[in-house]
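K.L.:
Just so it is clear, I am handing over input_2.cif, which has mmCIF, C-alpha atoms.
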data_input
loop_
_atom_site.label_atom_id
_atom_site.label_comp_id
_atom_site.auth_asym_id
_atom_site.auth_seq_id
_atom_site.Cartn_x
_atom_site.Cartn_y
_atom_site.Cartn_z
CA MET P 506 66.45 59.62 -67.36
CA VAL P 507 63.53 57.21 -67.21
CA LYS P 508 63.06 57.37 -70.94
CA LYS P 509 66.70 56.56 -71.44
CA LYS P 510 66.42 53.51 -69.27
CA ILE P 511 63.34 52.30 -71.13
CA ALA P 512 65.10 52.83 -74.38
CA LYS P 513 68.02 50.78 -73.11
CA VAL P 514 65.73 47.89 -72.17
CA LEU P 515 63.85 48.16 -75.44
CA ALA P 516 67.06 47.80 -77.32
CA PHE P 517 67.25 44.23 -75.97
CA ARG P 518 63.59 43.45 -76.67
CA TYR P 519 64.28 40.92 -79.39
CA LYS P 520 66.84 39.18 -77.27
CA ILE P 521 64.41 39.02 -74.37
CA LEU P 522 61.69 37.60 -76.60
CA ALA P 523 64.07 35.02 -77.97
CA ALA P 524 65.11 34.05 -74.44
CA ILE P 525 61.47 33.54 -73.43
CA LEU P 526 60.85 31.33 -76.46
CA ILE P 527 63.93 29.23 -75.77
CA LEU P 528 62.87 28.85 -72.14
CA LEU P 529 59.43 27.63 -73.22
CA ALA P 530 60.94 25.23 -75.70
CA GLY P 531 63.15 23.91 -72.92
CA GLY P 532 60.02 23.41 -70.85
CA LEU P 533 58.60 21.17 -73.58
CA VAL P 534 61.56 18.84 -73.25
CA LEU P 535 60.92 18.45 -69.52
CA LEU P 536 57.20 17.97 -70.00
CA PRO P 537 56.80 14.40 -71.25
CA LYS P 538 57.99 12.97 -67.96
CA TYR P 539 54.95 10.68 -67.74
CA GLN P 540 55.81 9.02 -70.97
CA LYS P 541 59.10 7.96 -69.55
CA HIS P 542 57.44 4.67 -68.74
CA GLU P 543 58.66 2.55 -71.59
CA GLY P 544 56.59 0.54 -74.00
CA ILE P 545 53.03 0.59 -75.20
CA LYS P 546 50.10 1.84 -73.10
CA PRO P 547 48.77 -0.51 -70.44
CA GLU P 548 45.35 -0.46 -72.12
CA GLU P 549 46.85 -1.53 -75.39
CA LEU P 550 48.89 -4.21 -73.68
CA LEU P 551 45.75 -5.52 -72.00
CA SER P 552 43.84 -5.81 -75.25
CA ASN P 553 46.82 -7.53 -76.87
CA THR P 554 47.06 -10.05 -74.09
CA ILE P 555 43.35 -10.79 -74.04
CA SER P 556 43.41 -11.76 -77.70
CA PRO P 557 44.37 -15.40 -78.25
CA GLU P 558 46.09 -14.52 -81.53
CA ARG P 559 49.54 -15.26 -80.16
CA TYR P 560 48.89 -18.93 -79.52
CA MET P 561 50.15 -21.54 -81.90
CA THR P 562 48.95 -25.13 -81.76
CA THR P 563 51.34 -28.03 -81.42
CA ASP P 564 50.11 -29.50 -84.72
CA ARG P 565 51.02 -26.32 -86.55
CA LEU P 566 54.44 -26.24 -84.89
CA ALA P 567 55.08 -29.88 -85.79
CA HIS P 568 54.20 -29.04 -89.38
CA ILE P 569 56.62 -26.13 -89.34
CA ILE P 570 59.47 -28.17 -87.90
CA ILE P 571 58.95 -31.10 -90.27
CA ASN P 572 58.87 -28.81 -93.29
CA GLN P 573 61.96 -27.03 -91.98
CA ASP P 574 60.39 -23.62 -92.37
CA PRO P 575 63.33 -21.24 -92.10
CA SER P 576 61.29 -18.26 -90.95
CA PHE P 577 60.74 -19.53 -87.41
CA ILE P 578 62.96 -19.48 -84.34
CA LEU P 579 62.03 -21.62 -81.36
CA ILE P 580 62.90 -20.23 -77.96
CA ASP P 581 62.79 -22.33 -74.82
CA VAL P 582 62.24 -20.10 -71.78
CA ARG P 583 62.69 -22.88 -69.22
CA ASP P 584 65.86 -23.22 -67.17
CA GLU P 585 69.01 -24.82 -68.52
CA LYS P 586 68.39 -28.13 -66.78
CA SER P 587 65.02 -28.77 -68.41
CA PHE P 588 66.41 -27.60 -71.70
CA ALA P 589 69.22 -30.12 -71.49
CA SER P 590 66.88 -33.01 -70.71
CA TYR P 591 64.51 -32.37 -73.60
CA SER P 592 63.67 -29.55 -75.96
CA LEU P 593 62.24 -29.10 -79.39
CA PRO P 594 64.62 -29.58 -82.30
CA ASN P 595 66.82 -26.54 -83.01
CA ALA P 596 65.39 -24.58 -80.09
CA ILE P 597 67.42 -21.84 -78.44
CA ASN P 598 67.49 -21.67 -74.66
CA ILE P 599 66.77 -18.25 -73.13
CA PRO P 600 65.71 -18.82 -69.51
CA LEU P 601 63.01 -16.37 -68.43
CA LYS P 602 65.46 -14.72 -66.05
CA LYS P 603 67.79 -13.86 -68.90
CA LEU P 604 65.06 -12.59 -71.20
CA PHE P 605 66.44 -9.07 -71.31
CA ASP P 606 70.11 -9.96 -71.46
CA GLU P 607 72.02 -8.34 -74.28
CA ASP P 608 72.56 -11.64 -76.06
CA SER P 609 68.87 -12.49 -76.14
CA GLU P 610 67.72 -9.20 -77.58
CA GLY P 611 69.02 -10.09 -81.02
CA TYR P 612 66.69 -13.06 -81.15
CA LEU P 613 63.64 -11.31 -79.77
CA ASN P 614 63.69 -7.83 -81.21
CA GLN P 615 63.95 -8.39 -84.94
CA ASN P 616 61.74 -8.39 -87.99
CA GLN P 617 63.11 -11.30 -89.96
CA PHE P 618 61.82 -14.30 -88.08
CA ASP P 619 58.73 -15.42 -86.26
CA VAL P 620 59.66 -16.28 -82.71
CA VAL P 621 57.86 -19.15 -80.96
CA LEU P 622 58.20 -19.08 -77.18
CA PHE P 623 57.54 -22.21 -75.20
CA SER P 624 57.90 -23.66 -71.71
CA ASN P 625 56.47 -26.69 -69.91
CA ASP P 626 53.05 -25.12 -69.92
CA HIS P 627 52.39 -21.78 -71.51
CA PHE P 628 52.59 -19.85 -68.23
CA TYR P 629 56.18 -18.69 -68.37
CA ALA P 630 56.14 -18.36 -72.14
CA ASP P 631 53.14 -16.09 -71.77
CA GLN P 632 54.95 -13.95 -69.21
CA ALA P 633 57.87 -13.59 -71.57
CA TRP P 634 55.45 -12.71 -74.34
CA ILE P 635 53.71 -10.03 -72.28
CA LEU P 636 56.99 -8.40 -71.29
CA CYS P 637 58.21 -8.42 -74.88
CA ASN P 638 54.90 -7.14 -76.16
CA ARG P 639 55.09 -4.20 -73.81
CA LEU P 640 58.40 -3.26 -75.41
CA GLY P 641 56.79 -3.52 -78.83
CA TYR P 642 58.63 -6.62 -80.05
CA LYS P 643 56.87 -7.97 -83.10
CA HIS P 644 56.37 -11.43 -84.53
CA MET P 645 56.17 -13.25 -81.22
CA ARG P 646 54.13 -16.41 -80.74
CA VAL P 647 53.48 -18.73 -77.83
CA LEU P 648 53.17 -22.49 -78.11
CA LYS P 649 49.80 -23.24 -76.56
CA GLY P 650 50.09 -25.83 -73.81
CA GLY P 651 53.86 -25.92 -74.19
CA ILE P 652 55.93 -29.06 -73.91
CA ASN P 653 53.21 -30.92 -71.99
CA GLN P 654 50.75 -30.41 -74.82
CA TRP P 655 53.50 -31.33 -77.26
CA TYR P 656 53.90 -34.63 -75.45
CA THR P 657 50.21 -35.50 -75.35
CA THR P 658 49.47 -34.54 -78.94
CA ILE P 659 52.58 -35.09 -81.01
CA ILE P 660 54.97 -37.40 -79.16
CA ASN P 661 52.37 -39.68 -77.62
CA PRO P 662 49.07 -39.08 -79.45
CA MET P 663 46.05 -40.84 -78.03
CA LYS P 664 44.46 -43.38 -80.31
CA PRO P 665 40.88 -42.33 -81.05
CA ALA P 666 38.09 -44.59 -79.88
CA GLU P 667 36.26 -46.59 -82.52
CA ASN P 668 33.15 -44.46 -82.44
CA MET P 669 35.01 -41.24 -83.23
CA ALA P 670 34.83 -39.31 -86.47
CA ALA P 671 37.08 -40.05 -89.43
CA ALA P 672 38.74 -36.66 -88.98
CA GLU P 673 40.01 -37.84 -85.58
CA TYR P 674 41.63 -40.83 -87.23
CA GLU P 675 43.23 -38.65 -89.85
CA LEU P 676 44.57 -36.35 -87.15
CA TYR P 677 45.86 -39.37 -85.27
CA THR P 678 47.74 -40.72 -88.28
CA THR P 679 49.36 -37.36 -89.04
CA ARG P 680 50.33 -36.97 -85.39
CA LYS P 681 51.70 -40.47 -85.32
CA ALA P 682 53.73 -39.83 -88.44
CA ALA P 683 55.00 -36.63 -86.83
CA SER P 684 55.97 -38.50 -83.67
CA MET P 685 57.96 -40.95 -85.78
CA PHE P 686 59.74 -37.96 -87.28
CA PHE P 687 60.65 -36.83 -83.77
CA GLY P 688 62.17 -40.20 -82.91
CA VAL P 689 59.37 -42.30 -81.43
CA VAL P 690 59.41 -45.88 -82.68
CA TYR P 691 56.20 -47.89 -82.80
CA PRO P 692 56.12 -51.71 -82.61
CA GLU P 693 54.16 -51.86 -85.89
CA GLN P 694 56.99 -50.08 -87.60
CA VAL P 695 59.31 -52.99 -87.03
CA LYS P 696 56.62 -55.60 -87.64
CA VAL P 697 56.46 -54.86 -91.36
CA GLU P 698 57.31 -58.46 -92.27
CA ALA P 699 54.42 -60.02 -90.41
CA PRO P 700 51.55 -58.55 -92.48
CA LYS P 701 53.07 -60.07 -95.63
CA ILE P 702 52.51 -63.55 -94.28
CA VAL P 703 48.97 -62.74 -93.29
CA LYS P 704 48.20 -61.60 -96.80
CA GLU P 705 48.53 -65.16 -98.09
CA ALA P 706 45.54 -66.33 -96.13
CA PRO P 707 43.03 -63.80 -97.52
CA LYS P 708 43.75 -65.03 -101.04
CA LYS P 709 42.25 -68.36 -100.22
CA VAL P 710 39.30 -66.72 -98.55
CA ILE P 711 38.54 -64.61 -101.60
CA THR P 712 37.66 -67.63 -103.65
CA ILE P 713 35.30 -68.78 -100.94
CA GLU P 714 33.65 -65.40 -100.83
CA LYS P 715 32.91 -65.55 -104.52
CA LYS P 716 31.13 -68.80 -104.07
CA LYS P 717 29.08 -67.31 -101.30
CA LYS P 718 28.06 -64.42 -103.46
CA ALA P 719 26.87 -66.74 -106.14
CA GLU P 720 24.75 -68.64 -103.67
CA ALA P 721 23.24 -65.50 -102.26
CA GLU P 722 22.28 -64.25 -105.69
CA GLY P 723 20.67 -67.53 -106.51
CA GLY P 724 18.66 -67.38 -103.27
CA CYS P 725 17.14 -64.06 -104.16
CA MET Y 1283 57.65 52.90 -90.45
CA LYS Y 1284 59.72 49.90 -91.38
CA GLU Y 1285 60.81 49.41 -87.79
CA LEU Y 1286 57.19 49.49 -86.64
CA GLU Y 1287 56.14 46.80 -89.12
CA LYS Y 1288 58.97 44.60 -88.02
CA THR Y 1289 58.04 44.78 -84.36
CA LYS Y 1290 54.41 44.15 -85.23
CA ARG Y 1291 55.25 41.00 -87.09
CA ILE Y 1292 57.54 39.76 -84.39
CA SER Y 1293 55.05 40.38 -81.63
CA ILE Y 1294 52.28 38.62 -83.58
CA ALA Y 1295 54.53 35.63 -84.16
CA ALA Y 1296 55.55 35.60 -80.51
CA THR Y 1297 51.99 35.71 -79.20
CA LEU Y 1298 50.98 32.94 -81.58
CA PHE Y 1299 53.89 30.84 -80.43
CA ILE Y 1300 53.12 31.39 -76.77
CA LEU Y 1301 49.45 30.64 -77.39
CA ALA Y 1302 50.38 27.36 -79.08
CA VAL Y 1303 52.55 26.40 -76.11
CA ILE Y 1304 49.79 27.29 -73.63
CA ILE Y 1305 47.19 25.31 -75.57
CA GLY Y 1306 49.59 22.40 -75.70
CA LEU Y 1307 50.09 22.59 -71.95
CA LEU Y 1308 46.37 22.73 -71.23
CA THR Y 1309 45.46 19.83 -73.47
CA TYR Y 1310 48.35 17.65 -72.34
CA LYS Y 1311 46.72 14.80 -70.60
CA ARG Y 1312 48.36 12.66 -68.06
CA PRO Y 1313 47.97 9.04 -69.18
CA LYS Y 1314 45.35 7.30 -67.09
CA ASN Y 1315 47.42 4.32 -66.14
CA VAL Y 1316 51.16 4.56 -65.83
CA TYR Y 1317 53.60 1.74 -65.41
CA ALA Y 1318 55.34 2.01 -62.08
CA ILE Y 1319 58.15 -0.37 -62.90
CA ASN Y 1320 60.00 -0.97 -66.14
CA SER Y 1321 60.17 -4.33 -67.89
CA LYS Y 1322 63.56 -5.28 -66.56
CA ASP Y 1323 62.56 -4.80 -62.93
CA THR Y 1324 59.30 -6.61 -63.56
CA LEU Y 1325 61.18 -9.56 -64.97
CA GLU Y 1326 63.48 -9.58 -61.98
CA LYS Y 1327 60.56 -9.44 -59.58
CA ILE Y 1328 58.45 -12.12 -61.20
CA THR Y 1329 61.35 -14.52 -61.42
CA SER Y 1330 62.40 -14.08 -57.81
CA ALA Y 1331 59.33 -13.15 -55.75
CA ASN Y 1332 56.71 -15.65 -54.78
CA TYR Y 1333 53.33 -14.42 -55.90
CA PHE Y 1334 51.45 -17.70 -55.83
CA THR Y 1335 48.88 -18.78 -53.28
CA THR Y 1336 47.05 -22.02 -52.83
CA LEU Y 1337 43.54 -22.81 -51.59
CA GLU Y 1338 44.86 -23.66 -48.14
CA GLU Y 1339 46.31 -20.19 -47.61
CA LEU Y 1340 43.06 -18.41 -48.40
CA LYS Y 1341 41.92 -18.19 -44.78
CA ASN Y 1342 44.00 -15.07 -44.21
CA PRO Y 1343 41.56 -12.20 -43.41
CA GLU Y 1344 43.73 -9.75 -45.35
CA TYR Y 1345 43.00 -11.54 -48.58
CA VAL Y 1346 40.32 -10.36 -51.00
CA LEU Y 1347 39.35 -12.76 -53.75
CA ILE Y 1348 38.90 -11.41 -57.26
CA ASP Y 1349 37.37 -13.51 -60.00
CA ILE Y 1350 38.65 -12.44 -63.41
CA ARG Y 1351 36.30 -14.63 -65.45
CA ASN Y 1352 33.34 -13.14 -67.23
CA GLN Y 1353 30.06 -12.45 -65.53
CA TYR Y 1354 28.32 -15.52 -66.90
CA GLU Y 1355 30.92 -17.88 -65.51
CA PHE Y 1356 31.07 -15.96 -62.26
CA GLU Y 1357 27.35 -16.37 -61.76
CA LYS Y 1358 27.53 -20.03 -62.64
CA GLY Y 1359 29.78 -20.60 -59.69
CA HIS Y 1360 32.56 -18.83 -57.83
CA LEU Y 1361 34.58 -19.03 -54.66
CA GLU Y 1362 33.09 -17.65 -51.50
CA ASN Y 1363 33.27 -13.85 -51.03
CA ALA Y 1364 34.82 -13.27 -54.44
CA ILE Y 1365 34.39 -10.04 -56.39
CA ASN Y 1366 33.93 -10.27 -60.13
CA ILE Y 1367 36.24 -8.12 -62.24
CA TYR Y 1368 36.39 -9.35 -65.80
CA ALA Y 1369 39.95 -9.54 -67.16
CA ALA Y 1370 39.26 -7.32 -70.17
CA GLU Y 1371 37.87 -4.53 -67.97
CA ILE Y 1372 40.56 -4.62 -65.35
CA LEU Y 1373 41.87 -1.15 -66.28
CA SER Y 1374 38.53 0.68 -66.24
CA ASP Y 1375 38.19 3.55 -63.78
CA ASP Y 1376 35.93 1.72 -61.34
CA ASN Y 1377 38.07 -1.36 -61.22
CA ILE Y 1378 41.31 0.54 -60.84
CA LYS Y 1379 39.65 2.32 -57.91
CA VAL Y 1380 38.98 -1.06 -56.30
CA PHE Y 1381 42.64 -1.98 -56.58
CA ASP Y 1382 43.70 1.41 -55.27
CA GLU Y 1383 41.46 1.00 -52.24
CA LEU Y 1384 42.81 -2.45 -51.57
CA LYS Y 1385 46.34 -1.14 -51.75
CA GLU Y 1386 45.58 1.72 -49.38
CA SER Y 1387 43.97 -0.56 -46.84
CA ASN Y 1388 46.96 -2.93 -47.06
CA LYS Y 1389 44.89 -5.84 -48.25
CA THR Y 1390 46.07 -8.40 -50.72
CA ALA Y 1391 44.08 -9.04 -53.85
CA ILE Y 1392 44.01 -12.68 -54.89
CA LEU Y 1393 43.28 -13.14 -58.56
CA TYR Y 1394 41.89 -16.37 -59.89
CA GLY Y 1395 40.35 -17.74 -63.06
CA ASN Y 1396 39.63 -21.09 -64.61
CA ASN Y 1397 43.31 -21.85 -64.65
CA PRO Y 1398 46.52 -20.03 -63.68
CA GLN Y 1399 47.37 -19.31 -67.33
CA GLU Y 1400 44.20 -17.28 -67.71
CA VAL Y 1401 45.08 -15.03 -64.77
CA ASN Y 1402 48.63 -14.56 -65.91
CA ALA Y 1403 48.02 -11.58 -68.20
CA PRO Y 1404 45.78 -9.46 -65.92
CA PHE Y 1405 48.09 -10.23 -63.03
CA LEU Y 1406 51.21 -9.17 -64.86
CA ILE Y 1407 49.65 -5.95 -66.15
CA LEU Y 1408 48.48 -4.89 -62.72
CA TYR Y 1409 51.86 -5.84 -61.34
CA GLN Y 1410 53.60 -3.58 -63.81
CA LEU Y 1411 51.26 -0.75 -62.88
CA GLY Y 1412 52.69 -0.93 -59.39
CA TYR Y 1413 50.08 -2.99 -57.56
CA ASP Y 1414 52.44 -5.22 -55.67
CA ASN Y 1415 49.71 -6.29 -53.27
CA ILE Y 1416 48.31 -8.87 -55.66
CA LYS Y 1417 48.80 -12.59 -55.78
CA LEU Y 1418 47.81 -15.35 -58.09
CA LEU Y 1419 45.73 -18.27 -56.90
CA THR Y 1420 46.96 -21.43 -58.56
CA ILE Y 1421 43.74 -23.36 -59.00
CA GLU Y 1422 41.88 -25.12 -61.73
CA ASN Y 1423 38.13 -24.86 -61.97
CA SER Y 1424 35.91 -27.49 -63.44
CA TYR Y 1425 32.23 -28.24 -63.25
CA LEU Y 1426 30.57 -31.42 -62.15
CA GLN Y 1427 26.80 -31.36 -62.56
CA ASN Y 1428 26.89 -27.56 -62.63
CA LYS Y 1429 28.79 -27.44 -59.38
CA LEU Y 1430 32.07 -25.62 -59.29
CA ILE Y 1431 34.99 -27.79 -58.30
CA THR Y 1432 38.32 -26.18 -57.55
CA LYS Y 1433 41.57 -27.91 -56.98
CA ASN Y 1434 45.13 -26.73 -56.65
CA SER Y 1435 47.24 -26.95 -59.72
CA GLU Y 1436 50.97 -26.84 -60.01
CA ILE Y 1437 52.45 -24.26 -62.32
CA GLU Y 1438 54.71 -25.33 -65.15
CA LYS Y 1439 54.88 -28.88 -63.94
CA SER Y 1440 56.60 -31.12 -66.42
CA GLU Y 1441 54.14 -33.94 -67.04
CA ALA Y 1442 56.30 -36.38 -68.88
CA ASP Y 1443 59.90 -37.14 -69.53
CA ILE Y 1444 59.89 -37.12 -73.31
CA THR Y 1445 63.45 -38.29 -73.78
CA ALA Y 1446 62.72 -41.31 -71.60
CA PHE Y 1447 59.51 -41.97 -73.50
CA ILE Y 1448 61.27 -41.96 -76.87
CA ASN Y 1449 64.07 -44.21 -75.62
CA GLU Y 1450 61.49 -46.54 -74.11
CA SER Y 1451 59.60 -46.75 -77.39
CA VAL Y 1452 62.76 -47.64 -79.27
CA LYS Y 1453 63.62 -50.31 -76.71
CA LYS Y 1454 60.12 -51.74 -76.77
CA ALA Y 1455 60.04 -51.89 -80.53
CA ASN Y 1456 63.30 -53.80 -80.60
CA ALA Y 1457 62.13 -56.18 -77.89
CA THR Y 1458 58.78 -56.98 -79.51
CA GLU Y 1459 60.34 -57.63 -82.88
CA THR Y 1460 61.18 -61.24 -82.10
CA VAL Y 1461 58.10 -61.95 -80.01
CA LYS Y 1462 55.65 -60.66 -82.57
CA LYS Y 1463 56.69 -63.13 -85.25
CA GLU Y 1464 55.74 -66.10 -83.13
CA VAL Y 1465 52.43 -64.60 -82.14
CA ALA Y 1466 51.59 -63.89 -85.76
CA ALA Y 1467 50.50 -67.46 -86.55
CA PRO Y 1468 47.31 -67.98 -84.42
CA PRO Y 1469 45.29 -65.02 -85.84
CA LYS Y 1470 45.21 -66.69 -89.25
CA LYS Y 1471 43.12 -69.51 -87.93
CA VAL Y 1472 40.71 -67.09 -86.29
CA ILE Y 1473 40.12 -65.27 -89.52
CA THR Y 1474 39.05 -68.37 -91.41
CA ILE Y 1475 36.61 -69.35 -88.67
CA GLU Y 1476 34.91 -65.98 -88.80
CA LYS Y 1477 34.46 -66.24 -92.51
CA LYS Y 1478 32.75 -69.55 -92.24
CA LYS Y 1479 30.22 -68.04 -89.92
CA LYS Y 1480 29.53 -65.31 -92.43
CA ALA Y 1481 28.88 -67.81 -95.14
CA GLU Y 1482 26.24 -69.50 -93.02
CA ALA Y 1483 24.44 -66.25 -92.37
CA GLU Y 1484 24.28 -65.34 -96.03
CA GLY Y 1485 22.93 -68.72 -96.91
CA GLY Y 1486 20.07 -68.04 -94.51
CA CYS Y 1487 18.88 -65.19 -96.68
#
In structure tokens, write the structure found in this file.
P.N.:
Amino acid sequence: MVKKKIAKVLAFRYKILAAILILLAGGLVLLPKYQKHEGIKPEELLSNTISPERYMTTDRLAHIIINQDPSFILIDVRDEKSFASYSLPNAINIPLKKLFDEDSEGYLNQNQFDVVLFSNDHFYADQAWILCNRLGYKHMRVLKGGINQWYTTIINPMKPAENMAAAEYELYTTRKAASMFFGVVYPEQVKVEAPKIVKEAPKKVITIEKKKKAEAEGGC
Amino acid sequence: MKELEKTKRISIAATLFILAVIIGLLTYKRPKNVYAINSKDTLEKITSANYFTTLEELKNPEYVLIDIRNQYEFEKGHLENAINIYAAEILSDDNIKVFDELKESNKTAILYGNNPQEVNAPFLILYQLGYDNIKLLTIENSYLQNKLITKNSEIEKSEADITAFINESVKKANATETVKKEVAAPPKKVITIEKKKKAEAEGGC
């Protein structure tokens, strides 16, 4: 009797084995519960955020806009009101609150364009960047200093003092030219006629200078 | 004989399979730090909750100051009673323990750095890990004769109205157009006077 029963059970041995294996496999599906937290590891996120790689200077951005580089999208993360009062040319408004709306995802999670986030400072833009980075969105940049920096460097660049290096002057002239591109008008721009009149006077002076030179040479 | 071989093979395969599963189970490590909230909730929280503090509110005894700058800057000067936890090491075991203890004892950790932007990243990472007992001190640090000076700073304050500035510049340029022409005459005289002076100096040589 006992033997018969054992034989009966043994007849199902392959099925029992298979059932055990399927159960274990099912267990594997339940296992990675911890990884349910979406996005990259916190450690990785930290090292990404510590690196200043994401920052873009206002000069570089001005260069990009002026050259109409088609590979960049500008995203303004401020609220609608600030966006309406002033924003960078061709910028798209995605207020920080709506960062994860369905409409915004198309702009953020893609591989075709470089996205430049900006706000008044780079505080909110940075927050948007960190949240997007956690989700693994690529090609994101942050405008360093934001609109405020944009104002002080590009729109209203400070004239360098006389004792500053030539490089400062060069930077100032490029920034000034950029600001003209973005709609700022300087008084000198309109004054173009005036210098022409002034030029007549130097002509007379040149002849005097030549005389002086001759005298100086004779003195030596 | 054939039946025996078959069972042998199956049992070997089965034991190997089970062994692989057991090894997998044993070596499966729980990640050290786990996000407690997903990105969407984080976004909702940081856009609605107020997590800023100012210098005036620091007197609260439940507050513990944490300086996220590096050790060098911390030693150069820091706020009273602050602990130094460098931003890049904020997730190390010891430091996480500090935050855990603070959370258990219901104290609020106040993070600060040289400016609010610098604290943003460490703050947001800790926040996503579930430490909701942290706040961000909105200050700016500067040094005057090696003495630390802190002042409150406003976050995301718009410093200038750019549209107004551009319009103003256009208006100014149009206004000065007529005035400038009249003014243009006197400088000519000045230039000739200067040149005369130069001539005298050269003659002296």
K.L.:
Extract, using only C-alpha atoms, all DNA, RNA and protein residues at most 7 Å from P:Val582, discarding same-chain residues fewer than 2 positions from it, and format them as a short mmCIF file (atom, residue, chain, number, x, y, z; two decimals) with C-alpha atoms, in the coordinates of the input.
P.N.:
data_model
loop_
_atom_site.label_atom_id
_atom_site.label_comp_id
_atom_site.auth_asym_id
_atom_site.auth_seq_id
_atom_site.Cartn_x
_atom_site.Cartn_y
_atom_site.Cartn_z
CA ILE P 580 62.90 -20.23 -77.96
CA ASP P 584 65.86 -23.22 -67.17
CA ASN P 598 67.49 -21.67 -74.66
CA ILE P 599 66.77 -18.25 -73.13
CA PRO P 600 65.71 -18.82 -69.51
CA LEU P 601 63.01 -16.37 -68.43
CA LEU P 622 58.20 -19.08 -77.18
CA PHE P 623 57.54 -22.21 -75.20
CA SER P 624 57.90 -23.66 -71.71
CA ALA P 630 56.14 -18.36 -72.14
#
K.L.:
For Y:Thr1335, list every protein, DNA or RNA residue within 8 Å, evaluated using only C-alpha atoms, and leave out those in the same chain fewer than 6 positions away; present the list as an MDAnalysis selection string.
P.N.:
chainID Y and resid 1392 1417:1420
K.L.:
Given the PyMOL selection byres ((chain Y) within 8 of (chain P)) and the file above, list the residues it selects as an MDAnalysis selection string.
P.N.:
chainID Y and resid 1296 1300 1303 1312:1313 1315:1322 1325:1326 1329 1369:1370 1373 1398:1399 1402:1404 1406:1407 1411 1437:1445 1447:1449 1451:1452 1454:1456 1458:1459 1462:1463 1466 1470 1474 1477 1481 1484:1485 1487
K.L.:
When you draw a straight line from atom CA of P:Glu549 to atom CA of Y:Leu1308, how long is it in Å?
P.N.:
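Atom CA of P:Glu549 sits 24.6 Å away from atom CA of Y:Leu1308.
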K.L.:
Is it possible to get the axis-aligned box enclosing stretch 582-596 of chain P (all listed atoms, 6 Å extra per side) as lines of an AutoDock Vina configuration file, with centre and edge lengths in Å rounded to one decimal?
P.N.:
center_x = 65.7
center_y = -26.6
center_z = -74.9
size_x = 19.0
size_y = 24.9
size_z = 28.2
K.L.:
Would you mind listing what lies within 7 Å of Y:Ala1391 as a PyMOL selection string, with only C-alpha atoms counted and same-chain residues fewer than 3 positions away left out?
P.N.:
chain Y and resi 1345-1348+1415-1417
K.L.:
As a check of understanding, name the residues that the PyMOL selection byres ((chain Y and resi 1395) around 7) selects in the supplied structure, as a list in words.
P.N.:
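Written out, the selection comes to Asp1349, Ile1350, Arg1351, Tyr1394, Asn1396, Asn1397, Pro1398, Glu1400 and Val1401 of chain Y.
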K.L.:
Take the point (33.6, -24.9, -56.1) in the file's coordinates, draw a sphere of radius 9 Å around it, and report as a list of chain:residue names every protein, DNA or RNA residue with an atom inside or on it, counting only C-alpha atoms.
P.N.:
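Every polymer residue passing the test: Y:Gly1359, Y:His1360, Y:Leu1361, Y:Glu1362, Y:Asn1423, Y:Ser1424, Y:Tyr1425, Y:Lys1429, Y:Leu1430, Y:Ile1431, Y:Thr1432, Y:Lys1433.
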K.L.:
If you measure from atom CA of Y:Tyr1333 to atom CA of Y:Asn1388, what distance in Å do you get, rounded to one decimal?
P.N.:
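For atom CA of Y:Tyr1333 relative to atom CA of Y:Asn1388, the distance reads 15.8 Å.
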K.L.:
Y:Leu1408, Y:Lys1389, Y:Glu1357, Y:Glu1338: which is nearest Y:Asn1377, counting only C-alpha atoms?
P.N.:
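Of Y:Leu1408, Y:Lys1389, Y:Glu1357, Y:Glu1338, the one nearest Y:Asn1377, counting only C-alpha atoms, is Y:Leu1408.
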K.L.:
Enter the distance from atom CA of P:Tyr642 to atom CA of P:Asn616, in Å, rounded to one decimal.
P.N.:
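Interatomic distance, atom CA of P:Tyr642 to atom CA of P:Asn616: 8.7 Å.
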K.L.:
Take the PyMOL selection byres ((chain P and resi 620) around 10), run it mentally on this structure, and tell me the resulting residues as number ranges by chain.
P.N.:
P: 576-580, 612-619, 621-623, 643-647
